[in-house]
Amino acid sequence: MGFFDFLTEEIAIDLGTANTLIIHNDKVVVDAPSIVARDRSTRKIIAVGTEANLMQGKTHNNIETIRPLKDGVIADFDASEQMINMFIKDIPALKKKWITPSLRMVICIPSGITAVEMRAVKESAERVNGKEVYLIHEPMAAAIGIGVDTMQPKGNMIVDIGGGTTEIAVIALGGIVCDKSVKIAGDVFTNDIIYYMRTQHNLYVGERTAENIKIQIGAATEDLDLPPEDLAVQGRDLLTGKPKQVQTSFREIAKALDKSILRIEDSVMETLSKTPPELAADIYNTGIYLAGGGSMLRGLDKRLSQKTDLPVYIAEDPLRAVVRGTGICLKNISKYKSVLIK
Ligand SMILES: Nc1ncnc2c1ncn2[C@@H]1O[C@H](COP(=O)(O)OP(=O)(O)O)[C@@H](O)[C@H]1O
Ligand SMILES: [Mg+2]
């Protein structure tokens, strides 16, 4: 411990494609959509997170809302740096400080991002006073957050279904043995619903409405133990142009999502088929762990379980498993040295 360590603050960041979460002093202090609203002419950031999310789909010509990490890659470096910056500056305990503390950070990144993007994230973090910055891959952080003992000579399979990507990984001895990242996740499910409403009901709905349908009644299978009730959905009639309302059911949504779920199933099967036999034997006993917001889709666990003939468990708090794991690494940097990327 150095003399100036009292000036150092520690934060763990889950830089997700849909949501950014930050842990400081063991508490989740930021949990907000990864969105920024920007003035087109001055390029000044007007709002980030929840506030920017409310502006989505409702902007006029002068304001644009951007998701800097769309599709599991960094689509807009500038916006993502400013977003991280504003989230960090908004942490109440740091705002109170009379001098800007230097930061020790562990940042979780989607495992599909390239080495160049990784360096960019790290440089962004250094520009916001990050003196010691480590990165960690998402499935590893998810595994640690779920409570899997990743250091054991034992295989575990993690499937993290986020907004932009689904990350599938087999983890053993503190490393990722085989993995796969597919660009089918929550955002694609939402778009499937938009497409379904347009083609089956002539109803044009926006992204926020479609996401709401997904959360309220979304399903991965028509064979649910606890089916939700039908939902009234409002949007614009494509033929008349008038606002209208239709009733939709979870069965319809299950149909709308079927193809995308099938692709996730196939990717899980493919990863299983690449798993070394000793680890496959472990997974036969331990099953598959699900994390990420997408894992909350009704019946997805059941469907994956039927497909793989394995037990499937959903993390206790799927949206926070990754940030929790990142936070655990932050507190035990020497223990997790092998999984952190300096
Ligand atoms: N109850 C739910 N059912 C289905 N999908 C959900 C639910 N809650 C959140 N989601 C979806 O989860 C995704 C966000 O998950 P998250 O793990 O935060 O993603 P990321 O790590 O990419 O930021 C979004 O697409 C959101 O619509
Ligand atoms: Mg995530």
# chains A, B, ... in the order shown; residues from 1 in each chain; ligands from 1
$ residues_near_ligand --ligand "ligand 1" --cutoff "6 Å" --atoms "only C-alpha atoms and all ligand atoms" --output "ChimeraX atom specification"
/A:16-19,162-164,186-187,211,214-215,292-294,296-297,319
$ write_last_selection --atoms "N, CA, C and O atoms" --output "CSV table (one decimal), in the first residue's frame"
chain,number,residue,atom,x,y,z
A,16,GLY,N,-21.7,-2.5,-20.6
A,16,GLY,CA,-22.5,-3.4,-21.5
A,16,GLY,C,-23.1,-2.7,-22.7
A,16,GLY,O,-23.1,-1.4,-22.7
A,17,THR,N,-23.5,-3.4,-23.7
A,17,THR,CA,-24.1,-2.8,-24.9
A,17,THR,C,-25.4,-2.2,-24.6
A,17,THR,O,-25.8,-1.2,-25.2
A,18,ALA,N,-26.1,-2.7,-23.6
A,18,ALA,CA,-27.4,-2.1,-23.2
A,18,ALA,C,-27.4,-1.3,-22.0
A,18,ALA,O,-28.0,-0.3,-21.9
A,19,ASN,N,-26.7,-1.8,-21.0
A,19,ASN,CA,-26.6,-1.1,-19.7
A,19,ASN,C,-25.2,-1.0,-19.1
A,19,ASN,O,-24.4,-2.0,-19.3
A,162,GLY,N,-26.9,-10.6,-23.4
A,162,GLY,CA,-27.0,-9.2,-23.2
A,162,GLY,C,-27.9,-8.5,-24.2
A,162,GLY,O,-28.9,-9.1,-24.6
A,163,GLY,N,-27.5,-7.2,-24.5
A,163,GLY,CA,-28.3,-6.5,-25.5
A,163,GLY,C,-27.8,-6.8,-26.9
A,163,GLY,O,-28.6,-7.2,-27.7
A,164,GLY,N,-26.5,-6.6,-27.1
A,164,GLY,CA,-25.9,-6.8,-28.4
A,164,GLY,C,-25.4,-8.2,-28.7
A,164,GLY,O,-25.5,-8.6,-29.9
A,186,GLY,N,-30.7,-9.5,-26.8
A,186,GLY,CA,-31.9,-8.7,-26.6
A,186,GLY,C,-32.3,-7.7,-27.7
A,186,GLY,O,-33.5,-7.6,-28.0
A,187,ASP,N,-31.4,-7.0,-28.3
A,187,ASP,CA,-31.7,-6.1,-29.3
A,187,ASP,C,-32.4,-6.8,-30.5
A,187,ASP,O,-33.3,-6.2,-31.1
A,211,GLU,N,-39.6,-3.4,-26.8
A,211,GLU,CA,-38.8,-3.9,-25.7
A,211,GLU,C,-39.8,-4.1,-24.5
A,211,GLU,O,-39.7,-5.1,-23.8
A,214,LYS,N,-41.6,-7.3,-25.0
A,214,LYS,CA,-40.7,-8.4,-24.7
A,214,LYS,C,-40.6,-8.7,-23.2
A,214,LYS,O,-40.6,-9.8,-22.8
A,215,ILE,N,-40.5,-7.6,-22.5
A,215,ILE,CA,-40.3,-7.8,-21.0
A,215,ILE,C,-41.7,-8.2,-20.4
A,215,ILE,O,-41.7,-9.1,-19.5
A,292,GLY,N,-27.2,-12.2,-17.8
A,292,GLY,CA,-27.6,-11.1,-18.7
A,292,GLY,C,-29.1,-11.0,-18.8
A,292,GLY,O,-29.8,-11.9,-18.5
A,293,GLY,N,-29.5,-9.8,-19.2
A,293,GLY,CA,-30.9,-9.5,-19.2
A,293,GLY,C,-31.7,-10.4,-20.1
A,293,GLY,O,-32.9,-10.7,-19.8
A,294,GLY,N,-31.2,-10.8,-21.2
A,294,GLY,CA,-31.9,-11.7,-22.1
A,294,GLY,C,-32.2,-13.1,-21.5
A,294,GLY,O,-33.2,-13.7,-22.0
A,296,MET,N,-33.7,-13.6,-18.9
A,296,MET,CA,-34.9,-13.5,-18.2
A,296,MET,C,-36.1,-13.7,-19.1
A,296,MET,O,-37.3,-13.7,-18.7
A,297,LEU,N,-35.9,-13.9,-20.4
A,297,LEU,CA,-37.0,-14.2,-21.3
A,297,LEU,C,-37.7,-15.5,-20.9
A,297,LEU,O,-37.0,-16.6,-20.7
A,319,LEU,N,-29.1,-9.3,-14.4
A,319,LEU,CA,-28.6,-8.0,-15.0
A,319,LEU,C,-27.4,-7.5,-14.2
A,319,LEU,O,-26.7,-6.6,-14.7
$ residues_around --residues "Ile66 of chain A" --least-positions-apart "5" --cutoff "10 Å" --atoms "only C-alpha atoms" --output "PyMOL selection string"
chain A and resi 34-38+48+52-53+56+75-76+79-80
$ closest_residue --among "A:Ile193, A:Val159, A:Ala219, A:Ala93" --to "ligand 2" --atoms "only C-alpha atoms and all ligand atoms"
A:Val159
$ select_by_dssp --residues "segment 18-198 of chain A" --states "helix (DSSP H, G or I)" --output "PyMOL selection string"
chain A and resi 50-55+70-72+77-89+92-95+115-127+138-146+186-198
$ closest_residue --among "A:Ala315, A:Val121, A:Leu135, A:Ala142" --to "ligand 2" --atoms "only C-alpha atoms and all ligand atoms"
A:Ala142
$ residues_around --residues "segment 326-328 of chain A" --least-positions-apart "3" --cutoff "12 Å" --atoms "only C-alpha atoms" --output "ChimeraX atom specification"
/A:10-15,21-29,104-109,134-147,320-323,331-336,339-340
$ residues_around --residues "Gly112 of chain A" --least-positions-apart "3" --cutoff "8 Å" --atoms "only C-alpha atoms" --output "PDB file with all heavy atoms, in the first residue's frame"
ATOM      1  N   GLY A  72     -22.383  -5.089 -29.774  1.00  0.00           N
ATOM      2  CA  GLY A  72     -21.237  -5.716 -29.135  1.00  0.00           C
ATOM      3  C   GLY A  72     -19.901  -5.146 -29.550  1.00  0.00           C
ATOM      4  O   GLY A  72     -18.857  -5.650 -29.159  1.00  0.00           O
ATOM      5  N   VAL A  73     -19.911  -4.086 -30.345  1.00  0.00           N
ATOM      6  CA  VAL A  73     -18.656  -3.412 -30.674  1.00  0.00           C
ATOM      7  C   VAL A  73     -18.820  -1.939 -30.307  1.00  0.00           C
ATOM      8  O   VAL A  73     -19.928  -1.470 -30.085  1.00  0.00           O
ATOM      9  CB  VAL A  73     -18.304  -3.500 -32.183  1.00  0.00           C
ATOM     10  CG1 VAL A  73     -18.058  -4.924 -32.584  1.00  0.00           C
ATOM     11  CG2 VAL A  73     -19.395  -2.883 -33.030  1.00  0.00           C
ATOM     12  N   SER A 181     -19.078 -15.837 -29.506  1.00  0.00           N
ATOM     13  CA  SER A 181     -19.864 -14.635 -29.316  1.00  0.00           C
ATOM     14  C   SER A 181     -20.755 -14.473 -30.548  1.00  0.00           C
ATOM     15  O   SER A 181     -20.257 -14.461 -31.668  1.00  0.00           O
ATOM     16  CB  SER A 181     -18.909 -13.452 -29.156  1.00  0.00           C
ATOM     17  OG  SER A 181     -19.619 -12.242 -29.147  1.00  0.00           O
TER      18      SER A 181
END
$ closest_residue --among "A:Ser111, A:Ser267, A:Gln152, A:Gln216" --to "ligand 2" --atoms "only C-alpha atoms and all ligand atoms"
A:Ser111
$ select_by_dssp --residues "segment 140-285 of chain A" --states "strand (DSSP E)" --output "PyMOL selection string"
chain A and resi 156-161+166-172+175-182+203-204+231-237+243-248
$ residues_around --residues "Thr209 of chain A" --least-positions-apart "3" --cutoff "12 Å" --atoms "only C-alpha atoms" --output "PyMOL selection string"
chain A and resi 56-57+190-191+193-194+197+203-206+212-216+231-236
$ closest_residue --among "A:Ala291, A:Val116, A:Ile184, A:Ile264" --to "ligand 2" --atoms "only C-alpha atoms and all ligand atoms"
A:Ala291
$ atom_distance --atom1 "atom CA of Thr8 of chain A" --atom2 "atom CA of Lys97 of chain A"
11.3 Å
$ closest_residue --among "A:Asp71, A:Ala256, A:Leu224, A:Arg208" --to "ligand 2" --atoms "only C-alpha atoms and all ligand atoms"
A:Asp71
$ closest_residue --among "A:Glu252, A:Leu173, A:Lys183, A:Cys178" --to "His201 of chain A" --atoms "only C-alpha atoms"
A:Glu252
$ closest_atom_pairs --of "segment 125-232 of chain A" --to "segment 280-286 of chain A" --cutoff "10 Å" --atoms "only C-alpha atoms" --output "CSV"
residue,atom,partner,partner_atom,distance
A:Pro153,CA,A:Asp282,CA,9.7
A:Lys154,CA,A:Asp282,CA,6.3
A:Gly155,CA,A:Asp282,CA,5.4
A:Asn156,CA,A:Ile283,CA,5.7
A:Met157,CA,A:Ile283,CA,6.7
A:Val170,CA,A:Ile283,CA,8.8
$ residues_around --residues "Ser102 of chain A" --least-positions-apart "2" --cutoff "9 Å" --atoms "only C-alpha atoms" --output "MDAnalysis selection string"
chainID A and resid 7:10 100 104 128:132
$ write_last_selection --atoms "N, CA, C and O atoms" --output "JSON list (two decimals), in the first residue's frame"
[["chain", "number", "residue", "atom", "x", "y", "z"],
["A", 7, "LEU", "N", -5.83, 8.52, -1.55],
["A", 7, "LEU", "CA", -6.35, 9.36, -2.63],
["A", 7, "LEU", "C", -6.85, 8.52, -3.79],
["A", 7, "LEU", "O", -7.32, 9.03, -4.79],
["A", 8, "THR", "N", -6.73, 7.19, -3.67],
["A", 8, "THR", "CA", -7.15, 6.32, -4.76],
["A", 8, "THR", "C", -8.52, 5.74, -4.45],
["A", 8, "THR", "O", -8.77, 5.29, -3.35],
["A", 9, "GLU", "N", -9.39, 5.79, -5.44],
["A", 9, "GLU", "CA", -10.71, 5.18, -5.28],
["A", 9, "GLU", "C", -10.78, 3.99, -6.23],
["A", 9, "GLU", "O", -10.15, 3.98, -7.28],
["A", 10, "GLU", "N", -11.57, 2.98, -5.82],
["A", 10, "GLU", "CA", -11.68, 1.79, -6.65],
["A", 10, "GLU", "C", -13.06, 1.70, -7.25],
["A", 10, "GLU", "O", -14.06, 1.82, -6.53],
["A", 100, "THR", "N", -9.76, 15.52, -7.46],
["A", 100, "THR", "CA", -10.15, 14.36, -8.25],
["A", 100, "THR", "C", -9.28, 13.18, -7.85],
["A", 100, "THR", "O", -8.06, 13.25, -7.99],
["A", 104, "ARG", "N", -8.49, 3.20, -9.41],
["A", 104, "ARG", "CA", -8.10, 1.85, -9.76],
["A", 104, "ARG", "C", -9.37, 1.21, -10.32],
["A", 104, "ARG", "O", -10.40, 1.21, -9.64],
["A", 128, "VAL", "N", -9.92, 9.56, -17.76],
["A", 128, "VAL", "CA", -10.76, 10.00, -16.64],
["A", 128, "VAL", "C", -10.06, 9.71, -15.32],
["A", 128, "VAL", "O", -10.71, 9.43, -14.31],
["A", 129, "ASN", "N", -8.73, 9.76, -15.33],
["A", 129, "ASN", "CA", -7.90, 9.62, -14.13],
["A", 129, "ASN", "C", -7.72, 8.18, -13.67],
["A", 129, "ASN", "O", -7.48, 7.94, -12.49],
["A", 130, "GLY", "N", -7.88, 7.23, -14.57],
["A", 130, "GLY", "CA", -7.61, 5.83, -14.22],
["A", 130, "GLY", "C", -6.11, 5.60, -14.17],
["A", 130, "GLY", "O", -5.43, 5.68, -15.19],
["A", 131, "LYS", "N", -5.59, 5.35, -12.96],
["A", 131, "LYS", "CA", -4.14, 5.17, -12.83],
["A", 131, "LYS", "C", -3.76, 3.70, -13.00],
["A", 131, "LYS", "O", -2.67, 3.36, -13.43],
["A", 132, "GLU", "N", -4.70, 2.84, -12.62],
["A", 132, "GLU", "CA", -4.45, 1.40, -12.72],
["A", 132, "GLU", "C", -5.70, 0.82, -13.35],
["A", 132, "GLU", "O", -6.76, 0.80, -12.70]]
$ residues_around --residues "Lys44 of chain A" --least-positions-apart "2" --cutoff "12 Å" --atoms "only C-alpha atoms" --output "list in words"
Val36, Ala37, Arg38, Asp39, Arg40, Ser41, Thr42, Ile46, Ala47, Val48, Asn62, Ile63, Glu64, Thr65, Asp78, Ala79, Gln82 and Met83 of chain A
$ write_last_selection --atoms "C-alpha atoms" --output "short mmCIF file (atom, residue, chain, number, x, y, z; two decimals), in the first residue's frame"
data_model
loop_
_atom_site.label_atom_id
_atom_site.label_comp_id
_atom_site.auth_asym_id
_atom_site.auth_seq_id
_atom_site.Cartn_x
_atom_site.Cartn_y
_atom_site.Cartn_z
CA VAL A 36 -26.09 9.32 -24.78
CA ALA A 37 -28.08 12.21 -26.20
CA ARG A 38 -26.03 14.65 -28.23
CA ASP A 39 -26.61 18.02 -29.86
CA ARG A 40 -25.99 17.47 -33.56
CA SER A 41 -24.60 20.91 -34.28
CA THR A 42 -22.35 21.51 -31.27
CA ILE A 46 -26.90 16.74 -23.37
CA ALA A 47 -27.73 13.70 -21.31
CA VAL A 48 -26.58 10.15 -20.57
CA ASN A 62 -31.12 18.87 -33.44
CA ILE A 63 -30.75 16.06 -30.91
CA GLU A 64 -29.61 12.52 -31.59
CA THR A 65 -29.55 9.60 -29.19
CA ASP A 78 -16.07 9.57 -28.71
CA ALA A 79 -19.56 9.05 -27.33
CA GLN A 82 -17.90 10.80 -22.78
CA MET A 83 -20.50 8.43 -21.43
#
$ decode --residues "segment 265-276 of chain A" --atoms "all heavy atoms" --output "short mmCIF file (atom, residue, chain, number, x, y, z; two decimals), in the first residue's frame"
data_model
loop_
_atom_site.label_atom_id
_atom_site.label_comp_id
_atom_site.auth_asym_id
_atom_site.auth_seq_id
_atom_site.Cartn_x
_atom_site.Cartn_y
_atom_site.Cartn_z
N GLU A 265 -29.48 -21.37 -29.56
CA GLU A 265 -29.38 -22.81 -29.27
C GLU A 265 -28.26 -23.46 -30.08
O GLU A 265 -27.45 -24.22 -29.54
CB GLU A 265 -30.70 -23.51 -29.64
CG GLU A 265 -31.78 -23.40 -28.62
CD GLU A 265 -33.04 -24.15 -29.06
OE1 GLU A 265 -33.18 -24.50 -30.26
OE2 GLU A 265 -33.88 -24.38 -28.21
N ASP A 266 -28.24 -23.13 -31.36
CA ASP A 266 -27.20 -23.73 -32.23
C ASP A 266 -25.80 -23.35 -31.75
O ASP A 266 -24.89 -24.18 -31.79
CB ASP A 266 -27.39 -23.27 -33.68
CG ASP A 266 -28.60 -23.92 -34.32
OD1 ASP A 266 -29.12 -24.90 -33.74
OD2 ASP A 266 -29.05 -23.44 -35.38
N SER A 267 -25.63 -22.10 -31.33
CA SER A 267 -24.31 -21.66 -30.88
C SER A 267 -23.91 -22.38 -29.59
O SER A 267 -22.74 -22.71 -29.40
CB SER A 267 -24.30 -20.16 -30.63
OG SER A 267 -24.73 -19.49 -31.78
N VAL A 268 -24.88 -22.60 -28.71
CA VAL A 268 -24.59 -23.34 -27.48
C VAL A 268 -24.17 -24.77 -27.85
O VAL A 268 -23.17 -25.29 -27.34
CB VAL A 268 -25.82 -23.35 -26.53
CG1 VAL A 268 -25.61 -24.30 -25.37
CG2 VAL A 268 -26.09 -21.94 -26.01
N MET A 269 -24.91 -25.37 -28.77
CA MET A 269 -24.59 -26.75 -29.19
C MET A 269 -23.19 -26.81 -29.80
O MET A 269 -22.42 -27.74 -29.55
CB MET A 269 -25.63 -27.26 -30.20
CG MET A 269 -27.02 -27.44 -29.65
SD MET A 269 -27.11 -28.50 -28.20
CE MET A 269 -26.78 -30.08 -28.96
N GLU A 270 -22.89 -25.81 -30.61
CA GLU A 270 -21.59 -25.78 -31.27
C GLU A 270 -20.46 -25.68 -30.24
O GLU A 270 -19.44 -26.36 -30.35
CB GLU A 270 -21.55 -24.58 -32.22
CG GLU A 270 -20.46 -24.67 -33.26
CD GLU A 270 -20.35 -23.36 -34.03
OE1 GLU A 270 -21.39 -22.80 -34.42
OE2 GLU A 270 -19.21 -22.90 -34.21
N THR A 271 -20.66 -24.81 -29.25
CA THR A 271 -19.63 -24.65 -28.21
C THR A 271 -19.49 -25.95 -27.41
O THR A 271 -18.37 -26.37 -27.09
CB THR A 271 -19.98 -23.48 -27.28
OG1 THR A 271 -20.34 -22.36 -28.08
CG2 THR A 271 -18.81 -23.10 -26.39
N LEU A 272 -20.62 -26.58 -27.11
CA LEU A 272 -20.55 -27.86 -26.39
C LEU A 272 -19.76 -28.89 -27.20
O LEU A 272 -18.97 -29.66 -26.65
CB LEU A 272 -21.96 -28.40 -26.13
CG LEU A 272 -22.73 -27.77 -24.96
CD1 LEU A 272 -24.16 -28.27 -24.95
CD2 LEU A 272 -22.06 -28.07 -23.63
N SER A 273 -19.96 -28.88 -28.51
CA SER A 273 -19.30 -29.89 -29.34
C SER A 273 -17.80 -29.63 -29.48
O SER A 273 -17.05 -30.51 -29.87
CB SER A 273 -19.96 -29.96 -30.73
OG SER A 273 -19.64 -28.80 -31.46
N LYS A 274 -17.37 -28.40 -29.15
CA LYS A 274 -15.94 -28.09 -29.20
C LYS A 274 -15.26 -28.28 -27.85
O LYS A 274 -14.05 -28.10 -27.71
CB LYS A 274 -15.73 -26.63 -29.64
CG LYS A 274 -15.94 -26.39 -31.13
CD LYS A 274 -15.45 -25.01 -31.55
CE LYS A 274 -16.07 -23.91 -30.72
NZ LYS A 274 -16.01 -22.58 -31.32
N THR A 275 -16.07 -28.57 -26.82
CA THR A 275 -15.53 -28.67 -25.46
C THR A 275 -14.73 -29.96 -25.27
O THR A 275 -15.22 -31.03 -25.62
CB THR A 275 -16.70 -28.61 -24.45
OG1 THR A 275 -17.44 -27.42 -24.69
CG2 THR A 275 -16.20 -28.61 -23.02
N PRO A 276 -13.52 -29.86 -24.73
CA PRO A 276 -12.73 -31.07 -24.47
C PRO A 276 -13.52 -32.05 -23.58
O PRO A 276 -14.26 -31.60 -22.69
CB PRO A 276 -11.49 -30.55 -23.74
CG PRO A 276 -11.41 -29.10 -24.10
CD PRO A 276 -12.81 -28.65 -24.35
#
